[in-house]
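Shown next: target-v6.txt, given as compact mmCIF, C-alpha atoms.
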```
# COMPACT_ATOMS: atom_id res chain seq x y z
CA MET L 30 -13.50 16.14 25.19
CA GLN L 31 -16.42 17.51 27.20
CA PRO L 32 -18.13 15.38 29.90
CA LEU L 33 -21.50 13.78 29.10
CA GLU L 34 -23.87 11.58 31.09
CA LEU L 35 -26.27 8.95 29.78
CA TYR L 36 -29.62 7.93 31.26
CA ILE L 37 -31.27 4.74 29.98
CA HIS L 38 -34.90 4.30 30.99
CA ILE L 39 -36.23 0.77 31.57
CA PRO L 40 -40.01 1.21 32.07
CA PHE L 41 -40.84 -2.30 33.28
CA CYS L 42 -41.86 -3.41 36.77
CA VAL L 43 -43.51 -6.46 38.30
CA LYS L 44 -46.35 -4.28 39.59
CA LYS L 45 -46.90 -0.61 40.31
CA CYS L 46 -46.11 0.52 43.86
CA ALA L 47 -48.82 2.51 45.65
CA TYR L 48 -46.73 5.72 45.75
CA CYS L 49 -45.11 5.51 42.29
CA ASP L 50 -45.81 8.03 39.54
CA PHE L 51 -42.84 7.06 37.33
CA LEU L 52 -43.35 6.01 33.73
CA SER L 53 -43.46 2.26 34.32
CA GLY L 54 -45.65 -0.84 34.23
CA PRO L 55 -45.70 -4.66 33.83
CA ALA L 56 -44.68 -6.27 30.51
CA GLY L 57 -43.98 -9.69 29.03
CA GLU L 58 -40.61 -11.03 27.89
CA LYS L 59 -41.40 -10.36 24.22
CA GLU L 60 -42.20 -6.70 24.95
CA LYS L 61 -38.99 -6.30 26.94
CA GLU L 62 -36.89 -7.73 24.12
CA GLU L 63 -38.54 -5.47 21.52
CA TYR L 64 -37.92 -2.48 23.75
CA VAL L 65 -34.22 -3.35 24.15
CA LYS L 66 -33.94 -3.51 20.36
CA MET L 67 -35.46 -0.02 20.13
CA LEU L 68 -33.01 1.28 22.73
CA VAL L 69 -30.09 -0.14 20.75
CA ASP L 70 -31.41 1.51 17.61
CA GLU L 71 -31.93 4.85 19.36
CA ILE L 72 -28.39 4.87 20.76
CA ARG L 73 -27.00 4.11 17.31
CA LYS L 74 -28.91 7.04 15.83
CA CYS L 75 -26.98 9.57 17.91
CA PRO L 76 -25.33 12.37 15.88
CA ASP L 77 -21.64 12.03 14.97
CA THR L 78 -20.89 14.95 17.29
CA VAL L 79 -21.09 12.63 20.32
CA GLN L 80 -17.44 11.91 19.51
CA ASN L 81 -16.64 15.35 20.93
CA TYR L 82 -17.75 14.10 24.34
CA ARG L 83 -16.62 11.50 26.87
CA VAL L 84 -19.21 9.61 28.89
CA ILE L 85 -18.46 9.92 32.61
CA SER L 86 -21.54 8.12 33.96
CA ILE L 87 -24.44 5.90 32.89
CA PHE L 88 -27.62 5.36 34.90
CA PHE L 89 -30.08 2.54 34.20
CA GLY L 90 -33.30 3.82 35.82
CA GLY L 91 -36.88 2.70 35.84
CA GLY L 92 -39.17 1.03 36.48
CA THR L 93 -37.03 -1.90 37.42
CA PRO L 94 -33.94 -2.26 35.18
CA SER L 95 -33.04 -5.49 36.98
CA LEU L 96 -35.97 -7.17 35.21
CA LEU L 97 -33.74 -7.26 32.12
CA THR L 98 -31.50 -10.27 31.59
CA GLY L 99 -27.74 -10.03 31.85
CA GLU L 100 -27.49 -10.55 28.09
CA GLN L 101 -29.83 -7.62 27.41
CA ILE L 102 -27.78 -5.28 29.63
CA GLU L 103 -24.59 -6.53 27.92
CA ARG L 104 -26.09 -5.69 24.53
CA LEU L 105 -26.98 -2.17 25.65
CA MET L 106 -23.53 -1.59 27.13
CA ASP L 107 -21.82 -2.96 24.00
CA THR L 108 -23.85 -0.49 21.92
CA VAL L 109 -22.89 2.40 24.19
CA ARG L 110 -19.20 1.50 23.79
CA GLU L 111 -19.66 1.24 20.04
CA ILE L 112 -21.07 4.78 19.74
CA PHE L 113 -19.53 6.71 22.65
CA THR L 114 -16.13 7.20 24.23
CA LEU L 115 -16.57 5.79 27.72
CA ASP L 116 -14.25 6.87 30.54
CA GLU L 117 -12.31 3.96 32.01
CA ASP L 118 -13.57 4.83 35.47
CA ALA L 119 -17.11 5.80 34.40
CA GLU L 120 -19.72 5.29 37.11
CA ILE L 121 -22.34 2.84 35.78
CA THR L 122 -25.37 2.50 38.05
CA MET L 123 -28.31 0.13 37.87
CA GLU L 124 -31.48 0.48 39.94
CA MET L 125 -32.51 -2.87 41.36
CA ASN L 126 -35.57 -4.26 43.11
CA PRO L 127 -34.61 -6.92 45.70
CA GLY L 128 -37.44 -9.13 44.45
CA THR L 129 -35.81 -9.50 41.01
CA VAL L 130 -32.22 -10.36 41.95
CA THR L 131 -30.44 -13.57 40.94
CA GLU L 132 -26.76 -14.48 41.13
CA GLU L 133 -26.61 -15.01 37.36
CA LYS L 134 -27.96 -11.51 36.69
CA LEU L 135 -25.52 -9.91 39.12
CA ARG L 136 -22.58 -11.75 37.59
CA LYS L 137 -23.52 -10.71 34.06
CA TYR L 138 -24.27 -7.12 35.05
CA ARG L 139 -20.74 -6.93 36.48
CA GLN L 140 -19.31 -8.41 33.30
CA ALA L 141 -21.20 -5.80 31.27
CA GLY L 142 -19.56 -3.01 33.29
CA VAL L 143 -22.17 -2.12 35.92
CA ASN L 144 -20.14 -1.02 38.97
CA ARG L 145 -22.77 0.60 41.19
CA LEU L 146 -26.14 -0.70 42.39
CA SER L 147 -29.05 1.34 43.73
CA ILE L 148 -31.30 -1.06 45.64
CA GLY L 149 -34.84 0.03 46.46
CA LEU L 150 -35.54 -1.11 50.01
CA GLN L 151 -37.72 1.77 51.38
CA SER L 152 -38.27 0.21 54.84
CA VAL L 153 -37.07 -2.66 57.05
CA ASN L 154 -40.64 -3.14 58.31
CA ASP L 155 -42.49 -5.79 56.27
CA GLU L 156 -45.88 -4.29 57.14
CA GLU L 157 -44.75 -0.92 55.75
CA LEU L 158 -43.38 -2.65 52.64
CA ARG L 159 -46.74 -4.35 52.02
CA LEU L 160 -48.55 -1.03 52.42
CA LEU L 161 -46.19 0.56 49.87
CA GLY L 162 -46.91 -2.27 47.44
CA ARG L 163 -43.32 -3.56 47.35
CA ILE L 164 -42.81 -7.11 46.02
CA HIS L 165 -40.11 -8.06 48.54
CA THR L 166 -39.60 -8.51 52.27
CA TYR L 167 -36.75 -7.06 54.33
CA GLU L 168 -35.16 -10.51 54.51
CA GLU L 169 -35.24 -10.77 50.71
CA PHE L 170 -33.51 -7.39 50.55
CA ARG L 171 -30.80 -8.66 52.90
CA GLU L 172 -30.28 -11.73 50.74
CA ALA L 173 -30.02 -9.59 47.60
CA TYR L 174 -27.63 -7.18 49.31
CA HIS L 175 -25.27 -9.93 50.48
CA LEU L 176 -25.48 -11.63 47.07
CA ALA L 177 -24.40 -8.36 45.46
CA ARG L 178 -21.45 -8.11 47.84
CA ALA L 179 -20.47 -11.72 47.12
CA ASN L 180 -20.47 -10.94 43.40
CA GLY L 181 -18.04 -8.06 43.71
CA PHE L 182 -20.22 -4.95 44.03
CA SER L 183 -18.34 -2.53 46.27
CA ASN L 184 -20.48 0.57 45.63
CA ILE L 185 -24.10 0.14 46.72
CA ASN L 186 -26.84 2.68 47.42
CA VAL L 187 -29.96 1.86 49.41
CA ASP L 188 -33.16 3.87 48.82
CA LEU L 189 -35.39 4.61 51.82
CA ILE L 190 -38.70 6.43 52.28
CA SER L 191 -39.86 8.19 55.45
CA ALA L 192 -43.33 9.44 56.45
CA ILE L 193 -44.99 6.22 55.25
CA PRO L 194 -48.60 5.74 56.46
CA GLY L 195 -48.52 4.11 59.89
CA GLN L 196 -44.80 4.79 60.32
CA THR L 197 -43.59 6.15 63.66
CA VAL L 198 -40.46 8.07 64.59
CA GLU L 199 -39.20 4.89 66.29
CA SER L 200 -39.84 2.60 63.29
CA TRP L 201 -38.04 5.07 61.00
CA ARG L 202 -35.03 5.09 63.33
CA ARG L 203 -34.99 1.28 63.24
CA THR L 204 -34.95 1.40 59.44
CA LEU L 205 -32.00 3.81 59.44
CA GLU L 206 -30.07 1.88 62.08
CA GLN L 207 -30.53 -1.54 60.48
CA VAL L 208 -29.56 -0.29 57.04
CA MET L 209 -26.49 1.55 58.33
CA ALA L 210 -25.44 -1.64 60.15
CA LEU L 211 -25.07 -3.25 56.71
CA SER L 212 -22.65 -0.44 55.77
CA PRO L 213 -23.73 0.46 52.22
CA GLU L 214 -21.58 3.18 50.64
CA HIS L 215 -24.56 5.46 49.96
CA ILE L 216 -28.06 6.01 51.33
CA SER L 217 -30.85 8.02 49.69
CA ALA L 218 -33.54 9.01 52.19
CA TYR L 219 -36.63 10.62 50.72
CA SER L 220 -39.79 11.80 52.39
CA LEU L 221 -42.98 10.35 50.89
CA ILE L 222 -44.67 12.66 48.38
CA LEU L 223 -48.28 12.01 47.44
CA GLU L 224 -48.19 12.30 43.65
CA GLU L 225 -51.39 12.83 41.71
CA GLY L 226 -52.54 9.71 39.87
CA THR L 227 -51.06 7.25 42.37
CA THR L 228 -52.95 4.82 44.63
CA PHE L 229 -51.75 6.74 47.68
CA TYR L 230 -52.96 10.07 46.27
CA LYS L 231 -56.45 8.66 45.74
CA LYS L 232 -56.52 7.13 49.21
CA TYR L 233 -54.94 9.91 51.27
CA VAL L 234 -55.88 13.05 49.33
CA GLU L 235 -59.05 12.33 47.39
CA ASP L 236 -60.65 9.86 49.83
CA GLU L 237 -58.93 11.22 52.96
CA ALA L 238 -58.03 7.71 54.20
CA LYS L 239 -61.14 6.93 56.19
CA GLU L 240 -59.77 3.44 56.96
CA GLY L 241 -56.33 1.96 57.55
CA PRO L 242 -53.01 3.50 58.67
CA LYS L 243 -52.81 7.28 58.71
CA LEU L 244 -49.97 9.48 57.51
CA PRO L 245 -47.58 10.65 60.28
CA ASP L 246 -48.43 14.14 61.51
CA GLU L 247 -46.26 17.15 60.69
CA ASP L 248 -44.30 16.98 63.96
CA ALA L 249 -43.48 13.30 63.49
CA GLU L 250 -42.45 13.84 59.87
CA ARG L 251 -40.18 16.72 60.87
CA GLN L 252 -38.59 14.62 63.64
CA MET L 253 -37.90 11.83 61.13
CA TYR L 254 -36.22 14.39 58.88
CA TRP L 255 -33.98 15.68 61.68
CA ASP L 256 -33.18 12.19 62.96
CA THR L 257 -32.03 11.18 59.49
CA GLU L 258 -29.20 13.72 59.39
CA THR L 259 -28.21 13.19 63.02
CA LEU L 260 -27.99 9.39 62.77
CA MET L 261 -26.32 9.42 59.34
CA GLU L 262 -23.58 11.85 60.41
CA LYS L 263 -23.02 9.88 63.61
CA ASN L 264 -22.44 6.74 61.52
CA GLY L 265 -20.06 8.26 58.98
CA TYR L 266 -22.48 9.25 56.21
CA HIS L 267 -21.83 12.75 54.90
CA ARG L 268 -24.85 14.67 53.66
CA TYR L 269 -23.90 16.12 50.28
CA GLU L 270 -27.39 16.86 48.91
CA ILE L 271 -30.79 17.46 50.50
CA SER L 272 -31.82 13.77 50.43
CA ASN L 273 -28.51 11.97 49.83
CA TYR L 274 -25.79 10.72 52.17
CA ALA L 275 -22.53 8.95 51.37
CA LYS L 276 -19.35 7.64 52.91
CA GLU L 277 -16.23 9.59 51.93
CA GLY L 278 -15.61 9.29 48.18
CA TYR L 279 -18.95 7.63 47.36
CA ALA L 280 -21.25 10.53 46.43
CA CYS L 281 -23.25 9.58 43.34
CA ARG L 282 -21.32 11.14 40.44
CA HIS L 283 -24.26 10.80 38.06
CA ASN L 284 -26.66 12.72 40.29
CA LEU L 285 -24.01 15.34 41.05
CA GLY L 286 -23.83 15.82 37.28
CA TYR L 287 -27.57 16.61 37.18
CA TRP L 288 -27.25 19.18 39.97
CA GLU L 289 -24.19 20.73 38.31
CA ARG L 290 -25.92 20.79 34.90
CA ILE L 291 -23.46 18.54 33.10
CA PRO L 292 -25.05 17.68 29.71
CA TYR L 293 -26.95 14.40 29.64
CA LEU L 294 -28.62 12.30 26.96
CA GLY L 295 -31.70 10.25 27.84
CA PHE L 296 -32.67 7.09 25.97
CA GLY L 297 -35.98 5.26 26.12
CA ILE L 298 -39.63 6.11 26.51
CA GLY L 299 -40.17 9.43 28.29
CA ALA L 300 -36.43 9.99 28.84
CA ALA L 301 -35.29 13.62 29.07
CA SER L 302 -32.08 15.21 27.79
CA LEU L 303 -30.25 18.46 28.49
CA VAL L 304 -27.61 19.04 25.83
CA PRO L 305 -25.68 21.67 23.88
CA GLY L 306 -26.84 22.43 20.35
CA ASP L 307 -24.16 20.34 18.66
CA LEU L 308 -25.80 17.16 19.98
CA ILE L 309 -29.06 18.01 18.21
CA GLY L 310 -29.67 17.20 14.56
CA ASN L 311 -26.10 16.35 13.51
CA GLY L 312 -25.07 19.98 13.85
CA LYS L 313 -27.50 21.12 11.16
CA CYS L 314 -29.61 23.28 13.44
CA ARG L 315 -27.59 26.52 13.59
CA LYS L 316 -29.90 28.36 15.94
CA LEU L 317 -28.94 25.91 18.69
CA GLU L 318 -25.18 26.33 18.34
CA GLY L 319 -23.64 27.08 21.71
CA LYS L 320 -27.04 26.95 23.41
CA MET L 321 -28.39 24.48 25.93
CA SER L 322 -31.63 22.78 24.98
CA ARG L 323 -33.97 20.26 26.55
CA TYR L 324 -36.13 17.63 24.96
CA THR L 325 -38.09 14.61 26.11
CA ASN L 326 -38.83 11.39 24.25
CA PRO L 327 -42.50 10.47 23.66
CA ASP L 328 -44.13 8.94 26.75
CA GLN L 329 -46.33 6.53 24.77
CA LEU L 330 -44.66 3.35 23.57
CA LYS L 331 -46.24 3.37 20.10
CA GLU L 332 -45.22 6.98 19.55
CA TYR L 333 -41.73 6.28 20.88
CA ALA L 334 -41.40 3.27 18.56
CA HIS L 335 -42.09 5.43 15.50
CA SER L 336 -39.99 8.43 16.49
CA TYR L 337 -37.34 8.13 19.19
CA ARG L 338 -37.00 11.89 19.31
CA ASN L 339 -37.71 14.86 17.09
CA LYS L 340 -34.50 16.79 17.61
CA PHE L 341 -35.70 19.90 15.83
CA GLN L 342 -38.51 20.37 18.33
CA ALA L 343 -36.09 20.67 21.22
CA GLU L 344 -36.93 23.41 23.69
CA LEU L 345 -34.18 26.04 23.59
CA LEU L 346 -33.56 27.27 27.13
CA THR L 347 -33.51 31.02 27.68
CA GLU L 348 -30.71 32.59 29.70
CA THR L 349 -33.24 33.27 32.46
CA GLU L 350 -34.24 29.60 32.62
CA GLU L 351 -30.60 28.54 32.73
CA MET L 352 -29.85 30.95 35.57
CA GLU L 353 -32.84 29.70 37.55
CA GLU L 354 -31.79 26.08 37.03
CA PHE L 355 -28.23 26.91 38.05
CA MET L 356 -29.55 28.17 41.40
CA PHE L 357 -32.34 25.60 42.01
CA LEU L 358 -30.16 22.59 41.26
CA GLY L 359 -26.89 23.87 42.66
CA LEU L 360 -28.37 24.88 46.00
CA ARG L 361 -29.59 21.31 46.54
CA LYS L 362 -25.93 20.45 47.22
CA MET L 363 -24.62 21.11 50.70
CA ASN L 364 -21.65 23.05 49.30
CA GLY L 365 -24.01 25.15 47.19
CA ILE L 366 -23.03 27.08 44.09
CA SER L 367 -19.88 28.89 42.94
CA LYS L 368 -19.97 32.60 42.13
CA LYS L 369 -16.97 32.11 39.85
CA GLU L 370 -18.70 29.33 37.87
CA PHE L 371 -21.83 31.47 37.50
CA SER L 372 -19.75 34.37 36.18
CA GLU L 373 -17.76 32.17 33.77
CA TYR L 374 -20.90 30.54 32.36
CA PHE L 375 -23.17 33.57 32.03
CA GLY L 376 -20.64 36.38 31.69
CA LYS L 377 -22.40 38.24 34.52
CA SER L 378 -21.74 38.38 38.25
CA LEU L 379 -24.02 36.51 40.64
CA GLU L 380 -24.40 39.68 42.72
CA ASP L 381 -25.70 41.66 39.72
CA ILE L 382 -28.41 39.08 39.02
CA TYR L 383 -29.26 37.74 42.47
CA GLY L 384 -27.75 40.21 44.95
CA GLU L 385 -31.12 41.25 46.42
CA PRO L 386 -32.59 37.77 47.14
CA ILE L 387 -29.23 36.54 48.47
CA CYS L 388 -29.05 39.49 50.87
CA LYS L 389 -32.65 38.92 51.98
CA LEU L 390 -32.19 35.17 52.53
CA GLU L 391 -28.90 35.70 54.34
CA SER L 392 -30.59 38.13 56.74
CA LEU L 393 -33.23 35.45 57.42
CA LYS L 394 -30.41 32.96 58.12
CA LEU L 395 -31.55 30.72 55.26
CA LEU L 396 -28.38 31.24 53.20
CA GLU L 397 -24.69 31.72 53.95
CA GLN L 398 -21.86 32.79 51.65
CA ASP L 399 -18.12 33.36 51.47
CA ASP L 400 -15.90 34.88 48.78
CA ASP L 401 -16.90 32.25 46.21
CA ARG L 402 -19.73 30.03 47.39
CA VAL L 403 -23.38 30.41 48.41
CA TRP L 404 -25.13 27.59 50.28
CA LEU L 405 -28.25 26.77 52.30
CA THR L 406 -28.13 26.80 56.08
CA LYS L 407 -29.78 23.95 58.00
CA ARG L 408 -32.78 26.20 58.44
CA GLY L 409 -32.72 26.94 54.71
CA ILE L 410 -32.69 23.24 53.90
CA ASP L 411 -35.82 22.77 56.02
CA VAL L 412 -37.70 25.28 53.83
CA SER L 413 -35.73 24.79 50.62
CA ASN L 414 -38.72 25.06 48.27
CA SER L 415 -39.54 28.50 49.68
CA VAL L 416 -35.90 29.53 49.24
CA PHE L 417 -35.80 28.38 45.61
CA VAL L 418 -38.85 30.52 44.75
CA GLU L 419 -36.76 33.60 45.56
CA PHE L 420 -34.53 32.84 42.58
CA LEU L 421 -37.26 33.01 39.95
CA LEU L 422 -36.58 35.83 37.48
CA GLU L 423 -38.98 37.80 35.36
CA GLU L 424 -38.45 37.33 31.62
```
If you convert what's in this file into structure tokens, what do you get?
Amino acid sequence: MQPLELYIHIPFCVKKCAYCDFLSGPAGEKEKEEYVKMLVDEIRKCPDTVQNYRVISIFFGGGTPSLLTGEQIERLMDTVREIFTLDEDAEITMEMNPGTVTEEKLRKYRQAGVNRLSIGLQSVNDEELRLLGRIHTYEEFREAYHLARANGFSNINVDLISAIPGQTVESWRRTLEQVMALSPEHISAYSLILEEGTTFYKKYVEDEAKEGPKLPDEDAERQMYWDTETLMEKNGYHRYEISNYAKEGYACRHNLGYWERIPYLGFGIGAASLVPGDLIGNGKCRKLEGKMSRYTNPDQLKEYAHSYRNKFQAELLTETEEMEEFMFLGLRKMNGISKKEFSEYFGKSLEDIYGEPICKLESLKLLEQDDDRVWLTKRGIDVSNSVFVEFLLEE
């Protein structure tokens, strides 16, 4: 049985954060319950060919999945077990906002099978949290974290954001140090990106932030970036991907699956999937046999409610697109990509396809390689987007 990952999108939140461009928004209890019913129905409509696969990870993302009740998560997990073959040791992650945590929810999530939490903290500074639009304080995060520990969660990630308006190199170090003192198994540390359509984009790009805290300058942002790796490594957190650090044995298996292009099925409004042809249309679509394809559910609730997905409009990936993805995603990992795996998948050697850009980037000390693997140097990580552009191919 081939490995498969599941992503279940929960689009609800208490209120939109100032930096957030995810598909999410507030909703009432009736809307949440109707949505859960649609998710159950969508999962049950999967083609029979899912029996050829074993689910190795599930990720409840959002929005704020922890706005759902324990009973609703139990119902979704029961449906997954009804339709799929779930590995006994499958990693089952739920994103959680500290402002939505209760002991009853945590207990029921554990009973349902959730064994990993990803808690969105972002900063230990309450002023920075208010500026971001978070609904919790640092103390409320601490209470939620300890409550999770008390209820048996032994695999916890904490999300952090650097380069927040008004943030200094010193305040970012305090955030890292205080979070590491709690000893979570995993820490995701992202640099703030000003996404079009967000409150921050309007304020800091369109209106140029004439009032209030300013964004850290480029030197400060770069120092935060370097300090992150230095302090994490010093405290036993191994960097295994550009923005992710983990204690030994606690790298996020679900996200590793994305970067290694393990097939995944997405459920819910706006959820994306990357799957082989036999998971599309009950095997009736011959042109997709043996091919990888991508499709995305409708991003409007009414449209999603009427048609969870039109499988026959899936976008069939070209070999060129697959090769580019193999490089873009694989090189995000610190151990990079395997020449052998490239050759086995595409039937062509990596050197034949990418020999020239690899040689160029190696001479610039942005890439290194050995007999099998190619990976980014520290300098390459610093300018990773520029490196990735070198792996675009002409159709």
All residues 9 Å or closer to Trp201 (chain L), only C-alpha atoms, same chain fewer than 2 positions away omitted, as a ChimeraX atom specification:
/L:152-153,190-192,196-199,203-206,253,256-257
May I have the residues within 10 Å of Lys137 (chain L) as a short mmCIF file (atom, residue, chain, number, x, y, z; two decimals) with C-alpha atoms, in the coordinates of the input, using only C-alpha atoms and disregarding those fewer than 3 positions away in the same chain?
```cif
data_model
loop_
_atom_site.label_atom_id
_atom_site.label_comp_id
_atom_site.auth_asym_id
_atom_site.auth_seq_id
_atom_site.Cartn_x
_atom_site.Cartn_y
_atom_site.Cartn_z
CA THR L 98 -31.50 -10.27 31.59
CA GLY L 99 -27.74 -10.03 31.85
CA GLU L 100 -27.49 -10.55 28.09
CA GLN L 101 -29.83 -7.62 27.41
CA ILE L 102 -27.78 -5.28 29.63
CA GLU L 103 -24.59 -6.53 27.92
CA GLU L 132 -26.76 -14.48 41.13
CA GLU L 133 -26.61 -15.01 37.36
CA LYS L 134 -27.96 -11.51 36.69
CA GLN L 140 -19.31 -8.41 33.30
CA ALA L 141 -21.20 -5.80 31.27
CA GLY L 142 -19.56 -3.01 33.29
CA VAL L 143 -22.17 -2.12 35.92
CA ASN L 180 -20.47 -10.94 43.40
#
```
Here CA of Ser272 (chain L) and CA of Met106 (chain L) stand apart by 29.1 Å
What does the distance between CA of Glu353 (chain L) and CA of Arg290 (chain L) come to in Å, to one decimal place?
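Interatomic distance, CA of Glu353 (chain L) to CA of Arg290 (chain L): 11.6 Å.
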At a cut-off of 6 Å, using all atoms listed in the file, what residues contact region 80-89 of chain L? Leave out same-chain residues fewer than 5 positions from it and give the result as a list of chain:residue names.
L:Met30, L:Gln31, L:Pro32, L:Leu33, L:Glu34, L:Leu35, L:Tyr36, L:Ile37, L:Thr114, L:Leu115, L:Asp116, L:Ala119, L:Glu120, L:Ile121, L:Thr122, L:Met123, L:His283
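One distance worth recording is that between CA of Val403 (chain L) and CA of Glu250 (chain L), which is 27.7 Å.
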Within 8 Å of file point (-39.6, 10.1, 51.8), counting all atoms listed in the file, expressed as a VMD selection string
chain L and resid 189 to 193 218 to 222
Find the residue from L:Leu422, L:Cys49, L:Asp381, L:Arg408 that sits nearest to Glu224 (chain L); use all atoms listed in the file when measuring.
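Of L:Leu422, L:Cys49, L:Asp381, L:Arg408, the one nearest Glu224 (chain L) is L:Cys49, counting all atoms listed in the file.
Those DNA, RNA and protein residues that approach the point (-37.7, -4.4, 44.4) to within 7 Å, considering all atoms listed in the file, are Met125, Asn126, Pro127, Gly128, Thr129, Gly149, Leu150, Arg163, Ile164 and His165 of chain L.
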Residues within 10 Å of Glu262 (chain L), please, as a PyMOL selection string. Count only C-alpha atoms; anything in the same chain fewer than 5 positions from it doesn't count.
chain L and resi 256-257+267-268+274-276
Distance criterion (all atoms listed in the file): nearest to Arg171 (chain L) out of L:Ala56, L:Asp236, L:Phe229, L:Leu211:
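When distances to Arg171 (chain L) are compared using all atoms listed in the file, the smallest one comes from L:Leu211.
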Using all atoms listed in the file, which of L:Lys368, L:Arg145, L:Lys74, L:Lys243 sits nearest His215 (chain L)?
L:Arg145
Nearest-residue call for Glu60 (chain L), choices L:Phe41, L:Ile382, L:Asn144, L:Ile112, using all atoms listed in the file:
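When distances to Glu60 (chain L) are compared using all atoms listed in the file, the smallest one comes from L:Phe41.
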Glu111 (chain L) environment, 10 Å, all atoms listed in the file, sequence neighbours closer than 5 positions dropped, as a list of chain:residue names
L:Ile72, L:Arg73, L:Leu105, L:Met106
Between L:Thr131, L:Thr325, L:Ser183, L:Gln151, which is the closest to Thr166 (chain L) once you count only C-alpha atoms?
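Closest to Thr166 (chain L), using only C-alpha atoms: L:Gln151.
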Tell me which of L:Glu391, L:Asp155, L:Glu235, L:Glu332 sits closest to Gly409 (chain L), counting all atoms listed in the file.
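Going through L:Glu391, L:Asp155, L:Glu235, L:Glu332 one by one, the smallest distance to Gly409 (chain L) is for L:Glu391.
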